[in-house]
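final.txt follows (compact mmCIF, C-alpha atoms and all ligand atoms):
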```txt
# COMPACT_ATOMS: atom_id res chain seq x y z
CA MET A 6 127.02 78.24 85.88
CA LEU A 7 124.85 77.77 82.80
CA THR A 8 121.94 75.34 82.66
CA ALA A 9 120.01 74.13 79.61
CA ARG A 10 116.43 72.95 79.19
CA PRO A 11 114.64 71.73 76.06
CA LEU A 12 111.62 73.67 74.79
CA PRO A 13 109.46 71.38 72.63
CA ALA A 14 108.60 72.79 69.18
CA PHE A 15 106.79 71.40 66.12
CA ALA A 16 106.31 67.60 66.23
CA ASP A 17 109.63 66.57 67.75
CA ASN A 18 112.10 69.49 67.80
CA TYR A 19 113.83 70.83 70.88
CA ILE A 20 114.89 74.47 71.10
CA TRP A 21 117.44 74.67 73.92
CA LEU A 22 117.03 77.47 76.43
CA ILE A 23 120.29 78.31 78.23
CA GLU A 24 120.03 80.25 81.49
CA ASP A 25 122.76 81.91 83.56
CA GLY A 26 120.76 81.87 86.81
CA ARG A 27 120.84 85.67 86.88
CA GLY A 28 117.87 86.40 84.64
CA ARG A 29 119.55 86.11 81.25
CA ALA A 30 119.00 83.49 78.59
CA ALA A 31 120.26 82.32 75.20
CA VAL A 32 118.47 80.01 72.77
CA VAL A 33 119.83 77.43 70.37
CA ASP A 34 118.09 76.72 67.04
CA PRO A 35 114.80 78.59 67.49
CA GLY A 36 112.84 77.13 64.59
CA ASP A 37 109.75 78.75 66.08
CA ALA A 38 109.70 81.99 68.11
CA ALA A 39 106.48 81.27 70.03
CA PRO A 40 107.81 78.69 72.54
CA VAL A 41 110.87 80.88 73.17
CA ILE A 42 108.82 84.03 73.80
CA ALA A 43 106.51 82.07 76.10
CA ALA A 44 109.44 80.63 78.09
CA LEU A 45 111.17 84.03 78.40
CA GLU A 46 107.97 85.62 79.72
CA GLU A 47 107.11 82.75 82.03
CA ARG A 48 110.59 82.62 83.56
CA GLY A 49 111.20 86.41 83.52
CA LEU A 50 114.30 86.14 81.33
CA GLU A 51 116.10 88.63 79.11
CA LEU A 52 117.31 87.21 75.79
CA GLY A 53 121.08 87.69 75.37
CA ALA A 54 122.04 85.56 72.37
CA ILE A 55 120.70 83.31 69.61
CA LEU A 56 122.85 80.36 68.52
CA VAL A 57 122.21 78.57 65.23
CA THR A 58 123.78 75.21 64.30
CA HIS A 59 122.72 74.96 60.63
CA HIS A 60 120.41 76.45 58.06
CA HIS A 61 117.37 74.16 58.08
CA PRO A 62 114.07 76.02 58.58
CA ASP A 63 113.10 74.06 61.70
CA HIS A 64 116.26 75.51 63.30
CA VAL A 65 116.21 79.13 62.05
CA GLY A 66 112.52 79.75 61.28
CA GLY A 67 111.88 81.74 64.47
CA VAL A 68 115.01 83.91 64.36
CA ALA A 69 113.44 86.81 62.43
CA ASP A 70 110.51 87.10 64.87
CA LEU A 71 112.86 86.96 67.87
CA CYS A 72 115.10 89.63 66.33
CA ALA A 73 112.06 91.84 65.71
CA CYS A 74 111.40 91.79 69.49
CA HIS A 75 115.11 91.82 70.47
CA PRO A 76 116.98 93.73 67.72
CA GLN A 77 120.26 94.01 69.65
CA VAL A 78 120.67 90.29 70.22
CA PRO A 79 123.54 88.68 68.26
CA VAL A 80 122.69 85.70 66.04
CA TYR A 81 125.66 83.34 65.96
CA GLY A 82 125.90 80.78 63.19
CA PRO A 83 128.15 79.03 60.67
CA HIS A 84 130.33 81.27 58.48
CA ASP A 85 129.19 79.35 55.40
CA SER A 86 125.48 79.36 56.27
CA PRO A 87 122.97 80.02 53.50
CA ALA A 88 120.65 81.39 56.22
CA ALA A 89 120.47 85.18 56.00
CA CYS A 90 119.68 85.60 59.70
CA VAL A 91 123.23 84.98 60.99
CA THR A 92 124.88 88.25 62.16
CA ILE A 93 128.10 86.81 63.64
CA ALA A 94 129.65 84.16 61.41
CA LEU A 95 131.76 81.47 63.05
CA GLY A 96 134.40 79.01 61.89
CA ASP A 97 136.04 76.05 63.58
CA GLY A 98 137.64 76.87 66.92
CA ALA A 99 135.90 80.24 67.30
CA ILE A 100 135.11 81.18 70.88
CA VAL A 101 131.70 82.74 71.49
CA ASP A 102 130.59 84.57 74.62
CA VAL A 103 127.34 82.94 75.78
CA LEU A 104 125.99 84.91 78.76
CA GLY A 105 129.53 85.54 79.99
CA THR A 106 130.71 81.96 79.48
CA PRO A 107 132.93 80.91 76.56
CA ALA A 108 131.57 78.38 74.06
CA ARG A 109 133.84 76.70 71.52
CA VAL A 110 132.68 76.15 67.96
CA ILE A 111 133.29 72.71 66.43
CA THR A 112 132.56 72.34 62.71
CA VAL A 113 130.62 69.13 62.13
CA PRO A 114 129.58 68.95 58.45
CA GLY A 115 127.65 65.99 57.09
CA HIS A 116 123.94 66.54 57.82
CA THR A 117 124.48 69.89 56.10
CA LEU A 118 127.75 71.41 54.92
CA ASP A 119 127.34 74.45 57.19
CA HIS A 120 126.77 72.53 60.43
CA ILE A 121 128.51 73.62 63.65
CA ALA A 122 128.23 72.53 67.29
CA TYR A 123 128.75 74.63 70.41
CA PHE A 124 130.69 73.21 73.37
CA ILE A 125 130.62 74.92 76.74
CA ALA A 126 133.21 73.49 79.15
CA GLY A 127 131.80 72.83 82.61
CA ASP A 128 133.05 74.32 85.85
CA ALA A 129 133.03 73.03 89.42
CA ASP A 130 129.28 73.64 89.60
CA GLY A 131 128.10 72.28 86.28
CA ALA A 132 128.81 69.67 83.62
CA PRO A 133 129.97 70.60 80.10
CA LEU A 134 127.20 71.30 77.60
CA LEU A 135 127.16 70.30 73.92
CA PHE A 136 124.62 71.74 71.50
CA CYS A 137 124.97 69.49 68.47
CA GLY A 138 121.89 70.33 66.37
CA ASP A 139 121.12 67.52 63.91
CA THR A 140 124.57 65.89 64.02
CA LEU A 141 124.35 63.65 67.10
CA PHE A 142 121.01 62.39 68.42
CA GLY A 143 120.08 60.27 71.41
CA CYS A 144 121.29 56.82 70.27
CA GLY A 145 121.49 58.04 66.66
CA CYS A 146 122.83 60.63 64.26
CA GLY A 147 121.47 63.00 61.64
CA ARG A 148 120.70 61.98 58.11
CA ILE A 149 123.39 62.89 55.60
CA PHE A 150 121.79 65.44 53.28
CA GLU A 151 124.65 67.61 52.00
CA GLY A 152 127.89 65.90 53.00
CA ASP A 153 129.05 62.31 52.74
CA ALA A 154 129.44 59.46 55.18
CA ARG A 155 133.16 59.96 55.67
CA MET A 156 132.62 63.64 56.51
CA MET A 157 129.83 62.79 58.98
CA HIS A 158 131.97 60.09 60.57
CA THR A 159 134.81 62.56 61.12
CA SER A 160 132.37 65.08 62.62
CA LEU A 161 130.94 62.52 65.04
CA GLN A 162 134.45 61.44 66.04
CA ARG A 163 135.23 65.03 67.01
CA LEU A 164 132.18 65.09 69.29
CA ALA A 165 133.05 61.64 70.67
CA ALA A 166 136.37 63.03 71.93
CA LEU A 167 134.68 65.45 74.35
CA PRO A 168 134.50 64.62 78.09
CA GLY A 169 132.21 61.72 79.00
CA HIS A 170 130.11 63.75 81.44
CA THR A 171 129.22 66.29 78.72
CA GLN A 172 125.47 66.89 78.57
CA VAL A 173 124.40 66.15 74.99
CA CYS A 174 121.67 68.58 73.91
CA CYS A 175 120.23 67.32 70.60
CA ALA A 176 117.65 69.11 68.46
CA HIS A 177 115.09 66.30 68.08
CA GLU A 178 113.33 63.74 70.26
CA TYR A 179 114.20 60.73 68.12
CA THR A 180 115.64 58.58 70.89
CA LEU A 181 113.12 55.72 71.08
CA GLY A 182 113.12 55.06 67.34
CA ASN A 183 116.91 55.23 67.36
CA ILE A 184 117.09 52.73 70.23
CA GLU A 185 114.91 50.31 68.28
CA PHE A 186 117.40 50.43 65.41
CA ALA A 187 120.40 50.23 67.76
CA LEU A 188 118.97 47.06 69.34
CA THR A 189 118.73 45.54 65.86
CA VAL A 190 122.43 46.30 65.28
CA GLU A 191 123.62 45.33 68.75
CA PRO A 192 120.97 43.23 70.54
CA ALA A 193 123.30 41.95 73.27
CA ASN A 194 124.44 45.41 74.49
CA ASP A 195 123.34 45.54 78.16
CA ASP A 196 123.84 49.32 78.44
CA LEU A 197 121.56 49.72 75.42
CA ARG A 198 118.87 47.46 76.93
CA ARG A 199 118.97 49.47 80.16
CA ARG A 200 118.75 52.70 78.20
CA SER A 201 115.75 51.36 76.31
CA GLU A 202 113.88 50.75 79.58
CA THR A 203 114.86 54.10 81.10
CA ASP A 204 114.00 56.18 78.05
CA ARG A 205 110.71 54.35 77.36
CA ALA A 206 109.65 55.13 80.91
CA ARG A 207 110.59 58.79 80.42
CA ARG A 208 108.53 59.09 77.24
CA ALA A 209 105.61 57.31 78.93
CA ARG A 210 105.72 60.14 81.49
CA ALA A 211 105.92 62.68 78.59
CA GLU A 212 109.45 63.67 79.71
CA PRO A 213 112.33 64.36 77.30
CA THR A 214 115.05 61.72 76.98
CA LEU A 215 117.56 64.56 76.60
CA PRO A 216 120.07 65.74 77.48
CA SER A 217 121.92 62.44 77.53
CA THR A 218 125.60 62.19 78.35
CA LEU A 219 128.42 61.54 75.95
CA ALA A 220 129.42 58.51 78.05
CA LEU A 221 125.95 57.03 77.52
CA GLU A 222 126.14 57.72 73.78
CA LEU A 223 129.56 56.07 73.58
CA ALA A 224 128.13 53.00 75.32
CA THR A 225 124.89 52.72 73.33
CA ASN A 226 124.90 54.78 70.10
CA PRO A 227 125.86 52.58 67.11
CA PHE A 228 127.06 55.64 65.18
CA LEU A 229 129.79 56.18 67.80
CA ARG A 230 130.55 52.47 68.11
CA ASP A 231 132.07 51.54 64.74
CA GLY A 232 135.09 50.26 66.69
CA ALA A 233 132.99 47.81 68.77
CA ALA A 234 133.31 44.16 67.65
CA ALA A 235 129.54 43.52 67.67
CA VAL A 236 128.81 46.64 65.60
CA ARG A 237 131.56 45.80 63.10
CA ALA A 238 130.24 42.25 62.78
CA ALA A 239 126.67 43.48 62.24
CA ALA A 240 127.82 45.98 59.61
CA MET A 241 129.87 43.36 57.76
CA ALA A 242 126.92 40.93 57.79
CA ARG A 243 124.72 43.71 56.40
CA ALA A 244 127.29 44.69 53.73
CA GLY A 245 128.13 41.07 52.89
CA ARG A 246 131.84 41.83 52.80
CA GLU A 247 134.87 42.71 54.90
CA LEU A 248 134.94 46.35 56.04
CA ALA A 249 138.51 47.37 56.72
CA HIS A 250 137.92 50.93 57.95
CA ASP A 251 135.81 52.45 60.73
CA HIS A 252 134.26 54.94 58.30
CA GLU A 253 133.03 52.04 56.13
CA VAL A 254 131.37 50.48 59.17
CA PHE A 255 129.77 53.84 59.93
CA ALA A 256 128.60 54.30 56.32
CA THR A 257 127.03 50.83 56.30
CA ILE A 258 125.17 51.45 59.59
CA ARG A 259 124.00 54.86 58.36
CA SER A 260 122.63 53.43 55.07
CA TRP A 261 120.96 50.63 57.04
CA LYS A 262 119.23 53.14 59.31
CA ASP A 263 118.04 55.12 56.25
CA VAL A 264 115.84 52.18 55.22
CA PHE A 265 115.02 50.83 58.71
CA ARG A 266 111.34 50.72 59.62
ZN ZN B 1 118.58 69.72 59.98
```
Translate the structure of the given file into structure tokens.
Amino acid sequence: MLTARPLPAFADNYIWLIEDGRGRAAVVDPGDAAPVIAALEERGLELGAILVTHHHPDHVGGVADLCACHPQVPVYGPHDSPAACVTIALGDGAIVDVLGTPARVITVPGHTLDHIAYFIAGDADGAPLLFCGDTLFGCGCGRIFEGDARMMHTSLQRLAALPGHTQVCCAHEYTLGNIEFALTVEPANDDLRRRSETDRARRARAEPTLPSTLALELATNPFLRDGAAAVRAAAMARAGRELAHDHEVFATIRSWKDVFR
């Protein structure tokens, strides 16, 4: 069984440390090598793999230093990545061996064009794990830098189709700000209000709000809720016109969030 824990990095990044319970580890999106090296030493772990979701420096910046210490470790990443550090290039549907457990690659362009996610199906002992980089966040989604809203919407829909008990391992601690926006879109959502209380209490204790579950995201995250009547109504009020398609609702909510303070 694999487990995952977030290693804080920079102001609000999480590098995910995956452990197999037998002394081996993999890391996802090591933007900085220092927290990874510290965690490996502290926990007595051998690094077996580096997984990269996309090319942004806060996700790949530590790869070179980690490879200098661990030259045999494979660096998995998108086949179309501009990042030079990727040694094993992956396309949609590729299966990667992560510490003896298969992970499936899901291409999720939108935040960047080269973005991929890694899905590890659970077994009887553990829940499925999703490492989604900057595509899906706690109660939010990534900004659209290289793709377009329709592309991002399709990517999020692919993630939304995964099992509800999937542990959602996002790359930033943005949850509280995202909840504030979500409550503006959907103020009467009781699941969202409960989440707001729970996650505020976690942050007050300096604990991460992640991983969340996909079921919680489906119940509270406006970027996965373009089919919900209240979200559609809020988007149409914002746009000032009828929005016939789910991707138009998504695009409206995403543009709204871009200017939300
Ligand atoms: Zn990014």
Self-check item: Distance in Å - atom CA of Asp17 of chain A versus atom CA of Glu178 of chain A
Solution: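 Atom CA of Asp17 of chain A sits 5.3 Å away from atom CA of Glu178 of chain A.
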Exercise. Kindly provide, as JSON, numbers by chain, all nucleotide and amino acid residues lying within 8 Å of ligand ZN 1 (chain B), counting all atoms listed in the file.
Key: {"A": [59, 60, 61, 62, 63, 64, 116, 117, 138, 139, 147]}
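The coordinates place atom CA of Phe136 of chain A at 18.9 Å from atom CA of Cys90 of chain A.
For the pair atom CA of Ala129 of chain A and atom CA of Leu215 of chain A, the separation is 21.8 Å.
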Practice problem: Could you give me, as an MDAnalysis selection string, the residues that have an atom at most 12 Å away from the point (135.7, 45.6, 57.8) in the coordinates of the file, using all atoms listed in the file? | Solution: chainID A and resid 231:257
Self-check item: Residue among A:Val57, A:Ile258, A:Ile121, A:Ala88 lying closest to His158 of chain A, counting all atoms listed in the file
Solution: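 The shortest atom-to-atom distance to His158 of chain A comes from A:Ile258.
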Quiz prompt | Neighbours of point (111.3, 87.7, 68.3) within 10 Å, using only C-alpha atoms, written as an MDAnalysis selection string | solution = chainID A and resid 35 37:39 41:42 52 67:76 78
Quiz item: Which residue, A:Thr58, A:Thr112, A:Gln77, A:Asn18, has the smallest gap to Thr180 of chain A when you use all atoms listed in the file?
Solution: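 The closest residue to Thr180 of chain A is A:Asn18.
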Quiz item: With all atoms listed in the file as the basis for distance, which of A:Leu167, A:Leu56, A:Ala126, A:Pro213 is at the shortest distance from Arg10 of chain A?
Solution: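 Among the listed residues, the smallest separation from Arg10 of chain A belongs to A:Pro213.
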Self-check item: Pick from A:Val113, A:Gly127, A:Asp34, A:Thr171, whichever lies nearest to Val91 of chain A using only C-alpha atoms
Solution: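 Looking at the shortest contact to Val91 of chain A, the residue is A:Asp34.
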Show me, as JSON, the centre and edge lengths in Å to one decimal of the axis-aligned box that covers every listed atom of segment 54-70 of chain A with 4 Å on each side.
```
{"center_x": 117.1, "center_y": 80.6, "center_z": 65.2, "size_x": 21.3, "size_y": 21.0, "size_z": 22.3}
```
Self-check item: Closest of A:Gly28, A:Asp204, A:Gly115, A:Lys262 to Met156 of chain A - atom-to-atom distances counting all atoms listed in the file
Solution: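 The shortest atom-to-atom distance to Met156 of chain A comes from A:Gly115.
Among A:Leu188, A:Cys137, A:Leu22, A:Cys144, the residue with the shortest atom-to-atom distance to Ala44 of chain A, counting only C-alpha atoms, is A:Leu22.
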Exercise. For Val110 of chain A, list every protein, DNA or RNA residue within 12 Å, evaluated using all atoms listed in the file, and leave out those in the same chain fewer than 6 positions away; present the list as a VMD selection string.
Key: chain A and resid 56 to 58 81 to 84 94 to 103 120 to 126 135 to 137 163 to 164
